[in-house]
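Text of start_34.csv (CSV, C-alpha atoms and all ligand atoms) as supplied:
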chain,number,residue,atom,x,y,z
F,29,MET,CA,15.8,41.8,-36.3
F,30,PRO,CA,14.3,43.2,-33.2
F,31,ALA,CA,14.7,41.3,-30.0
F,32,VAL,CA,12.1,38.6,-29.4
F,33,ARG,CA,10.3,40.0,-26.4
F,34,LEU,CA,9.0,37.0,-24.6
F,35,SER,CA,8.5,39.1,-21.5
F,36,ARG,CA,5.6,40.8,-23.3
F,37,LEU,CA,3.5,37.8,-22.3
F,38,ARG,CA,4.7,38.1,-18.7
F,39,LYS,CA,3.9,41.8,-18.3
F,40,ASP,CA,1.2,41.6,-15.7
F,41,ASN,CA,-0.9,39.2,-13.7
F,42,PRO,CA,-3.8,39.0,-16.2
F,43,THR,CA,-1.4,38.2,-19.0
F,44,ARG,CA,0.5,35.7,-17.0
F,45,ASP,CA,-2.6,33.9,-15.9
F,46,TRP,CA,-4.0,33.9,-19.3
F,47,ILE,CA,-0.9,32.5,-21.0
F,48,SER,CA,-0.1,29.9,-18.3
F,49,GLU,CA,0.2,26.3,-19.5
F,50,VAL,CA,-0.2,24.2,-16.3
F,51,LEU,CA,-3.3,24.4,-14.3
F,52,LEU,CA,-3.1,22.7,-10.9
F,53,ARG,CA,-6.6,21.8,-9.6
F,54,PRO,CA,-7.8,20.3,-6.3
F,55,LYS,CA,-9.0,17.3,-8.2
F,56,ASP,CA,-5.4,16.5,-9.2
F,57,LEU,CA,-4.4,16.0,-5.5
F,58,ILE,CA,-4.8,12.8,-3.6
F,59,GLN,CA,-4.9,13.1,0.2
F,60,PRO,CA,-3.2,10.3,2.2
F,61,TYR,CA,-4.7,9.3,5.5
F,62,PHE,CA,-3.5,7.2,8.4
F,63,VAL,CA,-6.4,5.4,10.0
F,64,VAL,CA,-6.4,3.9,13.5
F,65,GLY,CA,-8.9,1.9,15.6
F,66,GLY,CA,-10.8,3.6,18.4
F,67,LYS,CA,-12.9,6.7,18.7
F,68,ARG,CA,-12.3,10.4,18.9
F,69,ILE,CA,-8.6,9.9,18.1
F,70,ASP,CA,-6.7,12.7,16.5
F,71,ARG,CA,-3.1,12.0,17.4
F,72,PRO,CA,-0.5,14.2,15.7
F,73,VAL,CA,2.3,12.3,14.1
F,74,ARG,CA,5.6,13.6,15.4
F,75,SER,CA,7.5,13.0,12.3
F,76,LEU,CA,5.0,14.6,9.9
F,77,PRO,CA,3.9,18.1,11.2
F,78,GLY,CA,0.2,18.7,10.4
F,79,VAL,CA,-0.6,15.0,9.9
F,80,SER,CA,-2.5,12.9,12.4
F,81,HIS,CA,-3.5,9.3,13.1
F,82,LEU,CA,-7.3,9.5,12.9
F,83,SER,CA,-10.0,7.1,14.1
F,84,ILE,CA,-12.8,6.6,11.6
F,85,ASP,CA,-15.1,9.3,13.1
F,86,LYS,CA,-12.4,11.9,12.9
F,87,LEU,CA,-11.4,10.7,9.5
F,88,LEU,CA,-14.9,11.3,8.2
F,89,LYS,CA,-14.9,14.7,9.6
F,90,ASP,CA,-11.6,15.7,8.1
F,91,MET,CA,-12.5,14.2,4.8
F,92,ASP,CA,-15.7,16.2,4.7
F,93,GLY,CA,-13.6,19.3,5.0
F,94,ALA,CA,-11.2,18.2,2.3
F,95,ARG,CA,-14.1,17.3,0.1
F,96,LYS,CA,-15.7,20.7,0.4
F,97,ARG,CA,-12.4,22.2,-0.8
F,98,GLY,CA,-12.6,20.1,-4.0
F,99,ILE,CA,-10.4,17.0,-3.0
F,100,LYS,CA,-11.9,14.1,-4.9
F,101,SER,CA,-9.7,11.2,-3.8
F,102,VAL,CA,-8.0,9.8,-0.8
F,103,LEU,CA,-5.3,7.1,-0.1
F,104,LEU,CA,-5.7,5.1,3.0
F,105,PHE,CA,-3.1,3.5,5.2
F,106,GLY,CA,-4.1,1.4,8.1
F,107,ILE,CA,-2.4,1.3,11.5
F,108,PRO,CA,-3.2,-2.1,12.8
F,109,GLY,CA,-3.6,-3.0,16.5
F,110,THR,CA,-1.3,-6.1,16.2
F,111,LYS,CA,1.4,-7.2,13.9
F,112,ASP,CA,2.8,-10.7,13.1
F,113,LYS,CA,5.2,-12.6,10.9
F,114,ILE,CA,2.9,-12.7,7.9
F,115,GLY,CA,0.8,-9.5,8.3
F,116,ALA,CA,-2.5,-11.4,8.7
F,117,GLU,CA,-4.3,-8.3,10.1
F,118,ALA,CA,-4.0,-6.7,6.7
F,119,TYR,CA,-6.7,-8.9,5.1
F,120,LYS,CA,-9.0,-9.2,8.1
F,121,LYS,CA,-12.6,-8.7,7.0
F,122,ASN,CA,-13.1,-6.2,9.7
F,123,GLY,CA,-9.6,-4.7,9.7
F,124,ILE,CA,-9.2,-1.0,10.1
F,125,VAL,CA,-8.9,-0.1,6.4
F,126,GLN,CA,-11.8,-2.4,5.5
F,127,LYS,CA,-14.0,-0.7,8.1
F,128,ALA,CA,-12.8,2.8,7.1
F,129,VAL,CA,-13.6,2.2,3.4
F,130,LYS,CA,-17.1,1.0,4.3
F,131,GLU,CA,-17.8,4.1,6.4
F,132,ILE,CA,-16.4,6.5,3.8
F,133,LYS,CA,-18.6,4.9,1.1
F,134,LYS,CA,-21.6,5.0,3.4
F,135,ASN,CA,-21.1,8.7,4.1
F,136,PHE,CA,-19.7,10.2,0.8
F,137,LYS,CA,-20.8,9.3,-2.6
F,138,ASP,CA,-18.3,11.6,-4.3
F,139,ILE,CA,-15.0,10.4,-2.9
F,140,ILE,CA,-12.7,8.0,-4.8
F,141,VAL,CA,-11.2,5.7,-2.2
F,142,ILE,CA,-7.8,4.2,-2.9
F,143,THR,CA,-6.2,1.8,-0.5
F,144,ASP,CA,-2.5,1.0,0.0
F,145,VAL,CA,-1.9,-2.7,-0.4
F,146,CYS,CA,1.2,-3.8,1.3
F,147,LEU,CA,2.5,-5.8,4.3
F,148,CYS,CA,5.1,-3.6,5.8
F,149,GLY,CA,2.7,-1.9,8.2
F,150,TYR,CA,1.3,-5.2,9.3
F,151,THR,CA,4.4,-7.5,9.7
F,152,ALA,CA,6.5,-7.4,12.9
F,153,HIS,CA,9.7,-7.4,10.8
F,154,GLY,CA,8.5,-4.4,8.8
F,155,HIS,CA,9.2,-5.8,5.4
F,156,CYS,CA,6.8,-5.6,2.5
F,157,GLY,CA,6.8,-9.3,1.9
F,158,ILE,CA,6.7,-12.7,3.6
F,159,PHE,CA,10.0,-14.4,4.3
F,160,LYS,CA,11.3,-17.7,3.3
F,161,GLU,CA,12.9,-19.2,6.5
F,162,ARG,CA,15.8,-17.0,7.5
F,163,GLY,CA,19.0,-18.3,6.2
F,164,THR,CA,17.6,-20.4,3.4
F,165,GLY,CA,18.1,-19.3,-0.2
F,166,GLY,CA,21.3,-17.4,0.6
F,167,GLY,CA,19.9,-13.9,0.3
F,168,ARG,CA,22.6,-11.3,0.6
F,169,GLN,CA,21.8,-10.4,4.2
F,170,GLY,CA,20.8,-13.9,5.2
F,171,TYR,CA,17.1,-13.4,4.5
F,172,ILE,CA,15.1,-13.7,1.4
F,173,ILE,CA,11.5,-12.7,0.5
F,174,ASP,CA,9.2,-15.2,-0.9
F,175,ASN,CA,7.9,-13.2,-3.8
F,176,ASP,CA,5.2,-15.6,-4.9
F,177,LYS,CA,3.9,-16.4,-1.5
F,178,THR,CA,3.7,-12.7,-0.9
F,179,LEU,CA,1.5,-12.3,-4.1
F,180,LYS,CA,-1.1,-14.5,-2.5
F,181,ALA,CA,-1.2,-12.3,0.6
F,182,LEU,CA,-1.3,-9.1,-1.4
F,183,THR,CA,-4.2,-10.5,-3.5
F,184,LYS,CA,-6.1,-11.4,-0.4
F,185,ILE,CA,-5.6,-7.9,1.0
F,186,ALA,CA,-6.7,-6.3,-2.3
F,187,LEU,CA,-9.8,-8.5,-2.4
F,188,SER,CA,-10.8,-7.6,1.2
F,189,HIS,CA,-10.4,-3.9,0.3
F,190,ALA,CA,-12.5,-4.3,-2.9
F,191,ALA,CA,-15.2,-6.2,-0.9
F,192,SER,CA,-15.4,-3.2,1.4
F,193,GLY,CA,-15.9,-0.9,-1.5
F,194,ALA,CA,-12.5,0.5,-2.5
F,195,ASP,CA,-12.6,2.1,-5.9
F,196,LEU,CA,-8.9,1.4,-6.6
F,197,VAL,CA,-6.3,-0.7,-4.8
F,198,ALA,CA,-2.7,0.4,-4.8
F,199,PRO,CA,-0.2,-2.4,-4.5
F,200,SER,CA,3.0,-0.9,-3.1
F,201,ALA,CA,5.1,-3.9,-2.2
F,202,MET,CA,7.2,-4.0,-5.4
F,203,MET,CA,6.8,-7.7,-5.7
F,204,ASP,CA,7.1,-9.1,-9.3
F,205,GLY,CA,3.8,-9.9,-10.8
F,206,GLN,CA,1.7,-8.2,-8.1
F,207,VAL,CA,-0.5,-6.3,-10.5
F,208,ARG,CA,-1.3,-9.5,-12.5
F,209,SER,CA,-2.0,-11.5,-9.4
F,210,ILE,CA,-4.3,-8.8,-8.0
F,211,ARG,CA,-6.1,-8.2,-11.3
F,212,GLU,CA,-6.8,-11.9,-11.8
F,213,GLY,CA,-8.0,-12.2,-8.2
F,214,LEU,CA,-10.3,-9.2,-8.6
F,215,ASP,CA,-11.7,-10.5,-11.9
F,216,LYS,CA,-12.3,-14.0,-10.6
F,217,ASN,CA,-14.3,-12.6,-7.7
F,218,ALA,CA,-16.5,-10.2,-9.7
F,219,PHE,CA,-14.6,-7.1,-8.8
F,220,GLU,CA,-13.8,-6.3,-12.4
F,221,ASN,CA,-14.7,-2.7,-11.8
F,222,THR,CA,-12.2,-2.2,-9.0
F,223,GLY,CA,-9.2,-0.4,-10.4
F,224,ILE,CA,-5.5,-0.8,-9.8
F,225,LEU,CA,-3.2,2.2,-9.1
F,226,ALA,CA,0.2,0.5,-9.2
F,227,TYR,CA,3.2,1.7,-7.4
F,228,SER,CA,5.2,0.8,-10.5
F,229,ALA,CA,8.4,2.7,-10.2
F,230,LYS,CA,8.9,2.8,-6.5
F,231,TYR,CA,12.5,3.6,-5.5
F,232,ALA,CA,14.4,2.4,-2.5
F,233,SER,CA,14.5,6.0,-1.3
F,234,ASN,CA,15.9,7.9,1.7
F,235,PHE,CA,12.8,10.1,1.7
F,236,TYR,CA,10.5,7.7,3.4
F,237,GLY,CA,11.7,8.2,6.9
F,238,PRO,CA,8.8,10.3,8.3
F,239,PHE,CA,6.2,8.0,6.8
F,240,ARG,CA,7.9,4.9,8.3
F,241,GLU,CA,7.7,6.6,11.7
F,242,ALA,CA,4.1,7.6,11.0
F,243,SER,CA,3.0,4.1,10.1
F,244,ASP,CA,5.5,2.2,12.2
F,245,SER,CA,6.5,0.3,9.1
F,246,GLY,CA,10.3,0.6,8.9
F,247,PRO,CA,12.2,-2.7,8.3
F,248,GLN,CA,13.5,-4.1,11.6
F,249,PHE,CA,16.7,-5.3,9.8
F,250,GLY,CA,18.2,-4.9,6.4
F,251,ASP,CA,16.7,-2.6,3.8
F,252,ARG,CA,14.3,-2.6,0.8
F,253,LYS,CA,16.9,-2.5,-1.9
F,254,GLY,CA,16.2,-6.1,-2.9
F,255,TYR,CA,12.7,-5.2,-4.1
F,256,GLN,CA,12.4,-1.5,-4.5
F,257,MET,CA,14.2,0.3,-7.4
F,258,ASP,CA,17.8,1.5,-7.5
F,259,PRO,CA,17.9,5.3,-7.8
F,260,ARG,CA,20.5,5.0,-10.5
F,261,ASN,CA,18.1,3.4,-12.9
F,262,SER,CA,15.6,4.9,-15.3
F,263,ASN,CA,15.3,2.4,-18.1
F,264,GLN,CA,14.3,-0.2,-15.6
F,265,ALA,CA,11.7,2.1,-14.2
F,266,LEU,CA,10.1,2.3,-17.7
F,267,ARG,CA,10.2,-1.5,-17.9
F,268,GLU,CA,8.5,-1.8,-14.5
F,269,ILE,CA,5.8,0.6,-15.7
F,270,ARG,CA,5.4,-1.2,-19.0
F,271,GLU,CA,5.0,-4.6,-17.3
F,272,ASP,CA,2.4,-3.1,-14.9
F,273,ILE,CA,0.4,-1.7,-17.7
F,274,LYS,CA,0.5,-5.1,-19.4
F,275,GLU,CA,-0.5,-6.8,-16.2
F,276,GLY,CA,-3.6,-4.6,-15.9
F,277,ALA,CA,-2.7,-1.4,-14.0
F,278,ASP,CA,-5.2,1.4,-14.7
F,279,ILE,CA,-2.9,4.1,-13.3
F,280,VAL,CA,0.8,3.9,-12.8
F,281,MET,CA,2.8,5.7,-10.1
F,282,VAL,CA,6.3,7.1,-9.8
F,283,LYS,CA,7.6,7.5,-6.2
F,284,PRO,CA,9.1,9.6,-4.9
F,285,ALA,CA,8.4,12.6,-7.1
F,286,LEU,CA,11.0,15.3,-6.8
F,287,SER,CA,14.2,13.3,-7.4
F,288,TYR,CA,12.4,11.4,-10.1
F,289,LEU,CA,10.7,14.0,-12.3
F,290,ASP,CA,12.5,12.5,-15.3
F,291,ILE,CA,10.8,9.2,-14.7
F,292,ILE,CA,7.4,10.9,-14.5
F,293,TYR,CA,8.2,12.7,-17.7
F,294,ARG,CA,9.3,9.7,-19.6
F,295,ALA,CA,6.5,7.5,-18.4
F,296,LYS,CA,3.9,10.0,-19.5
F,297,GLU,CA,5.6,10.6,-22.9
F,298,LYS,CA,6.1,6.9,-23.6
F,299,PHE,CA,2.9,5.3,-22.4
F,300,ASN,CA,0.3,8.1,-22.2
F,301,VAL,CA,-1.6,6.4,-19.4
F,302,PRO,CA,-2.7,8.2,-16.3
F,303,VAL,CA,0.4,8.8,-14.2
F,304,ALA,CA,0.4,9.5,-10.4
F,305,ALA,CA,3.4,10.8,-8.5
F,306,TYR,CA,3.9,10.4,-4.8
F,307,ASN,CA,5.2,13.5,-3.2
F,308,VAL,CA,6.6,11.6,-0.2
F,309,SER,CA,7.0,12.3,3.4
F,310,GLY,CA,10.6,13.4,3.3
F,311,GLU,CA,9.9,15.8,0.5
F,312,TYR,CA,7.1,17.3,2.7
F,313,THR,CA,9.2,17.6,5.8
F,314,MET,CA,12.1,19.1,3.9
F,315,VAL,CA,9.9,22.1,3.1
F,316,GLU,CA,8.3,22.3,6.5
F,317,GLY,CA,11.8,22.2,8.0
F,318,TYR,CA,13.0,24.8,5.6
F,319,ILE,CA,10.2,27.2,6.5
F,320,ASP,CA,10.9,26.6,10.2
F,321,SER,CA,14.5,27.4,9.8
F,322,ILE,CA,14.4,30.5,7.6
F,323,SER,CA,16.9,33.0,8.9
F,324,HIS,CA,17.9,34.6,5.6
F,325,PRO,CA,16.3,37.2,3.4
F,326,ILE,CA,13.3,35.7,1.7
F,327,PRO,CA,13.2,35.6,-2.1
F,328,GLN,CA,11.9,38.6,-3.9
F,329,GLY,CA,8.2,39.1,-4.3
F,330,TYR,CA,7.2,37.0,-1.3
F,331,GLY,CA,5.7,39.8,0.7
F,332,PRO,CA,7.2,42.5,2.9
F,333,ARG,CA,10.3,41.8,4.8
F,334,THR,CA,11.3,42.7,8.3
F,335,LYS,CA,13.2,45.9,8.6
F,336,SER,CA,16.5,44.3,8.2
F,337,GLY,CA,15.3,42.2,5.3
F,338,ILE,CA,15.9,39.1,7.5
F,339,LEU,CA,13.3,36.6,8.7
F,340,VAL,CA,14.5,35.2,12.0
F,341,ARG,CA,13.9,31.7,13.0
F,342,GLY,CA,10.8,31.5,15.3
F,343,GLY,CA,10.8,35.3,15.3
F,344,ALA,CA,9.0,37.9,13.3
F,345,GLY,CA,7.5,37.4,9.9
F,346,SER,CA,5.4,34.4,10.4
F,347,ALA,CA,2.8,35.8,7.9
F,348,GLU,CA,5.6,36.1,5.4
F,349,ARG,CA,6.8,32.7,6.2
F,350,MET,CA,3.4,31.2,5.6
F,351,GLU,CA,3.1,33.1,2.3
F,352,LEU,CA,6.5,31.7,1.3
F,353,ARG,CA,5.4,28.2,2.4
F,354,LYS,CA,2.3,28.4,0.3
F,355,ASN,CA,4.2,29.6,-2.7
F,356,ILE,CA,6.9,26.9,-2.4
F,357,VAL,CA,4.3,24.1,-2.0
F,358,LEU,CA,2.4,25.3,-5.1
F,359,GLU,CA,5.6,25.6,-7.0
F,360,ILE,CA,6.5,22.1,-6.2
F,361,LEU,CA,3.1,20.7,-7.0
F,362,THR,CA,3.0,22.6,-10.3
F,363,GLY,CA,6.5,21.3,-11.1
F,364,ILE,CA,5.4,17.7,-10.6
F,365,LYS,CA,2.3,18.3,-12.7
F,366,ARG,CA,4.3,20.0,-15.4
F,367,ALA,CA,6.6,17.0,-15.6
F,368,GLY,CA,3.6,14.9,-16.6
F,369,ALA,CA,1.8,13.7,-13.5
F,370,ASP,CA,-2.0,13.6,-13.7
F,371,PHE,CA,-2.3,13.0,-10.0
F,372,ILE,CA,-0.2,13.9,-7.1
F,373,ILE,CA,-0.4,12.2,-3.7
F,374,THR,CA,0.6,14.8,-1.2
F,375,TYR,CA,0.3,15.5,2.5
F,376,TRP,CA,-0.5,19.1,1.5
F,377,ALA,CA,-3.5,18.1,-0.6
F,378,LYS,CA,-6.3,19.6,1.5
F,379,GLU,CA,-4.3,22.7,2.3
F,380,ALA,CA,-3.2,23.2,-1.3
F,381,ALA,CA,-6.8,22.7,-2.4
F,382,LYS,CA,-7.8,25.6,-0.2
F,383,TRP,CA,-5.2,27.9,-1.7
F,384,LEU,CA,-6.2,26.8,-5.2
F,385,ARG,CA,-9.8,27.7,-4.6
F,386,LEU,CA,-9.1,31.3,-3.5
E,401,LIG,C1,4.9,1.1,2.0
E,401,LIG,C2,4.9,2.5,1.7
E,401,LIG,C3,5.9,3.4,1.9
E,401,LIG,C4,5.4,4.6,1.5
E,401,LIG,C5,4.1,4.4,1.0
E,401,LIG,N1,3.9,3.1,1.1
E,401,LIG,C6,7.2,3.3,2.6
E,401,LIG,C7,8.2,2.3,2.3
E,401,LIG,O1,8.4,1.8,1.2
E,401,LIG,O2,9.0,2.1,3.2
E,401,LIG,C8,6.2,5.9,1.7
E,401,LIG,C9,5.3,7.2,1.6
E,401,LIG,C10,6.0,8.4,2.1
E,401,LIG,O3,7.2,8.4,2.4
E,401,LIG,O4,5.3,9.4,2.2
E,401,LIG,N2,5.2,0.1,1.2

Do you think you could lay out the structure here as structure tokens?
Amino acid sequence: MPAVRLSRLRKDNPTRDWISEVLLRPKDLIQPYFVVGGKRIDRPVRSLPGVSHLSIDKLLKDMDGARKRGIKSVLLFGIPGTKDKIGAEAYKKNGIVQKAVKEIKKNFKDIIVITDVCLCGYTAHGHCGIFKERGTGGGRQGYIIDNDKTLKALTKIALSHAASGADLVAPSAMMDGQVRSIREGLDKNAFENTGILAYSAKYASNFYGPFREASDSGPQFGDRKGYQMDPRNSNQALREIREDIKEGADIVMVKPALSYLDIIYRAKEKFNVPVAAYNVSGEYTMVEGYIDSISHPIPQGYGPRTKSGILVRGGAGSAERMELRKNIVLEILTGIKRAGADFIITYWAKEAAKWLRL
């Protein structure tokens, strides 16, 4: 028997392109945005290089650019002016997200607007739920979240987003029953066409740090392990996803993406519903930091090297570094898609869309 020459189908670019299985498209990528009040604000976020807090005017401008590159959907996070114990700013009729959604819908007919529905950016304590009085209920760290009271708040937030024109709401608080409560609320109020993108398998991850700085939403005490998932579990993730589908989720999400590709794969295989993956802030900065720090020979095929074959930090080879960066980002996004994600929420969305169009 002659050797099986699989490399025949890898022999040159046309063959490789022709035989390739996974096709990453701009429409697969969801661009997250942080919206703030005010005008003409474009304030770079220290923890997330390349990401800014944008006021609505700047947001529209940026979105127009993203749109022209083929981005079809955005995920909005609001940065409120004030916070309190119960996150009341989150469901204000004229809150920052509500206003932003209205403006986007007024200006663009072809953008799918998804809104994050959670309390952590709006509560002074930074948790995703409302507390029972501290000390009551004997929670492990002396506090306990009132799941069912939180459901009411989340539903109010979702309704206010739907009333502003959001296409889908994305509950991310990991409260039990949040999808059912929101679905019922939407249906009762004639928003049966507003969809739900559920953060179904959201892990208590160490990769959220840069986001928490960006949205000033880190817990002021304790952690989120009481409501977000334990990284050691996968069967439970499938159960979370199954429940969310039963409760009425249109799209389910796995978050983060890279340490949880197995969950994405299993979710897609098992349920065959649209699956989104959140390529989170720490995964983004890991790559940006890597690119900044390169001081070793770059992998083969990624453009010419400096004379010594070494790229020095901050030194020569910035074009090569940018080429490497692009290739790494596309490799990561392709990997997430290959695992089974239909949509990827990524801070690289509009940039990757540009590369994909070339
Ligand atoms: C809030 C929320 C978080 C992220 C999205 N929505 C953070 C958290 O749970 O603390 C993280 C996104 C990222 O890291 O990019 N519920």

Pairwise distance for atom CA of F:Asp278 and atom CA of F:Ser233, rounded to one decimal in Å: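 We find that atom CA of F:Asp278 and atom CA of F:Ser233 lie 24.3 Å from each other.
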
Show me which residues sit within 8 Å of ligand LIG 401 (chain E) when counting all atoms listed in the file, and put them as a PyMOL selection string. chain F and resi 144-149+156+200-201+230+232-233+235-240+245-247+252+256+284+306-310+374-375

Close residues, stretch 100-104 of chain F itself excluded, 8 Å, only C-alpha atoms, min 6 positions apart in chain, as a list in words: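 Surrounding residues, per the criterion: Pro54, Lys55, Leu57, Ile58, Gln59, Pro60, Tyr61, Phe62, Val63, Val125, Asp138, Ile139, Ile140, Val141, Ile142, Thr143, Asp144 and Ile373 of chain F.
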
Hey, can you spit out that residue selection with C-alpha atoms as an mmCIF file, in the frame of the given file?
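Below is the file result-v2.cif, written as the result:
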data_model
loop_
_atom_site.group_PDB
_atom_site.id
_atom_site.type_symbol
_atom_site.label_atom_id
_atom_site.label_comp_id
_atom_site.auth_asym_id
_atom_site.auth_seq_id
_atom_site.Cartn_x
_atom_site.Cartn_y
_atom_site.Cartn_z
ATOM 1 C CA PRO F 54 -7.800 20.300 -6.300
ATOM 2 C CA LYS F 55 -9.000 17.300 -8.200
ATOM 3 C CA LEU F 57 -4.400 16.000 -5.500
ATOM 4 C CA ILE F 58 -4.800 12.800 -3.600
ATOM 5 C CA GLN F 59 -4.900 13.100 0.200
ATOM 6 C CA PRO F 60 -3.200 10.300 2.200
ATOM 7 C CA TYR F 61 -4.700 9.300 5.500
ATOM 8 C CA PHE F 62 -3.500 7.200 8.400
ATOM 9 C CA VAL F 63 -6.400 5.400 10.000
ATOM 10 C CA VAL F 125 -8.900 -0.100 6.400
ATOM 11 C CA ASP F 138 -18.300 11.600 -4.300
ATOM 12 C CA ILE F 139 -15.000 10.400 -2.900
ATOM 13 C CA ILE F 140 -12.700 8.000 -4.800
ATOM 14 C CA VAL F 141 -11.200 5.700 -2.200
ATOM 15 C CA ILE F 142 -7.800 4.200 -2.900
ATOM 16 C CA THR F 143 -6.200 1.800 -0.500
ATOM 17 C CA ASP F 144 -2.500 1.000 0.000
ATOM 18 C CA ILE F 373 -0.400 12.200 -3.700
#

By how many Å are atom CA of F:Lys137 and atom CA of F:Ala191 apart?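 About the pair atom CA of F:Lys137 and atom CA of F:Ala191: they are 16.6 Å apart.
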
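Each of F:Ser243, F:Val357, F:Asp370, F:Asp85 was compared to F:Ile279 using all atoms listed in the file, and F:Asp370 turns out to be the nearest.
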
Since the input lacks atoms, please generate all heavy atoms for stretch 98-104 of chain F and provide them as a PDB file, keeping the file's coordinate frame.
ATOM      1  N   GLY F  98     -12.733  20.557  -2.611  1.00  0.00           N
ATOM      2  CA  GLY F  98     -12.600  20.100  -4.000  1.00  0.00           C
ATOM      3  C   GLY F  98     -11.670  18.845  -4.111  1.00  0.00           C
ATOM      4  O   GLY F  98     -11.387  18.392  -5.224  1.00  0.00           O
ATOM      5  N   ILE F  99     -11.211  18.296  -2.971  1.00  0.00           N
ATOM      6  CA  ILE F  99     -10.400  17.000  -3.000  1.00  0.00           C
ATOM      7  C   ILE F  99     -11.401  15.919  -3.434  1.00  0.00           C
ATOM      8  O   ILE F  99     -12.493  15.800  -2.891  1.00  0.00           O
ATOM      9  CB  ILE F  99      -9.789  16.734  -1.659  1.00  0.00           C
ATOM     10  CG1 ILE F  99      -8.742  17.779  -1.315  1.00  0.00           C
ATOM     11  CG2 ILE F  99      -9.192  15.317  -1.640  1.00  0.00           C
ATOM     12  CD1 ILE F  99      -7.517  17.789  -2.191  1.00  0.00           C
ATOM     13  N   LYS F 100     -10.976  15.111  -4.388  1.00  0.00           N
ATOM     14  CA  LYS F 100     -11.900  14.100  -4.900  1.00  0.00           C
ATOM     15  C   LYS F 100     -11.405  12.658  -4.563  1.00  0.00           C
ATOM     16  O   LYS F 100     -12.132  11.698  -4.810  1.00  0.00           O
ATOM     17  CB  LYS F 100     -11.919  14.156  -6.449  1.00  0.00           C
ATOM     18  CG  LYS F 100     -12.383  15.491  -6.984  1.00  0.00           C
ATOM     19  CD  LYS F 100     -13.872  15.650  -6.806  1.00  0.00           C
ATOM     20  CE  LYS F 100     -14.359  16.974  -7.356  1.00  0.00           C
ATOM     21  NZ  LYS F 100     -15.625  17.374  -6.728  1.00  0.00           N
ATOM     22  N   SER F 101     -10.189  12.528  -4.064  1.00  0.00           N
ATOM     23  CA  SER F 101      -9.700  11.200  -3.800  1.00  0.00           C
ATOM     24  C   SER F 101      -8.772  11.119  -2.609  1.00  0.00           C
ATOM     25  O   SER F 101      -8.097  12.103  -2.290  1.00  0.00           O
ATOM     26  CB  SER F 101      -8.964  10.648  -5.052  1.00  0.00           C
ATOM     27  OG  SER F 101      -7.915  11.526  -5.391  1.00  0.00           O
ATOM     28  N   VAL F 102      -8.782   9.963  -1.966  1.00  0.00           N
ATOM     29  CA  VAL F 102      -8.000   9.800  -0.800  1.00  0.00           C
ATOM     30  C   VAL F 102      -7.227   8.429  -0.873  1.00  0.00           C
ATOM     31  O   VAL F 102      -7.683   7.514  -1.559  1.00  0.00           O
ATOM     32  CB  VAL F 102      -8.825   9.771   0.515  1.00  0.00           C
ATOM     33  CG1 VAL F 102      -9.512  11.119   0.701  1.00  0.00           C
ATOM     34  CG2 VAL F 102      -9.865   8.648   0.502  1.00  0.00           C
ATOM     35  N   LEU F 103      -6.088   8.348  -0.196  1.00  0.00           N
ATOM     36  CA  LEU F 103      -5.300   7.100  -0.100  1.00  0.00           C
ATOM     37  C   LEU F 103      -5.210   6.694   1.320  1.00  0.00           C
ATOM     38  O   LEU F 103      -4.728   7.468   2.147  1.00  0.00           O
ATOM     39  CB  LEU F 103      -3.920   7.340  -0.738  1.00  0.00           C
ATOM     40  CG  LEU F 103      -2.913   6.191  -0.636  1.00  0.00           C
ATOM     41  CD1 LEU F 103      -3.394   4.945  -1.374  1.00  0.00           C
ATOM     42  CD2 LEU F 103      -1.550   6.625  -1.192  1.00  0.00           C
ATOM     43  N   LEU F 104      -5.689   5.489   1.623  1.00  0.00           N
ATOM     44  CA  LEU F 104      -5.700   5.100   3.000  1.00  0.00           C
ATOM     45  C   LEU F 104      -4.618   4.117   3.404  1.00  0.00           C
ATOM     46  O   LEU F 104      -4.327   3.152   2.695  1.00  0.00           O
ATOM     47  CB  LEU F 104      -7.067   4.341   3.298  1.00  0.00           C
ATOM     48  CG  LEU F 104      -8.364   5.102   3.088  1.00  0.00           C
ATOM     49  CD1 LEU F 104      -9.531   4.234   3.551  1.00  0.00           C
ATOM     50  CD2 LEU F 104      -8.358   6.438   3.826  1.00  0.00           C
TER      51      LEU F 104
END
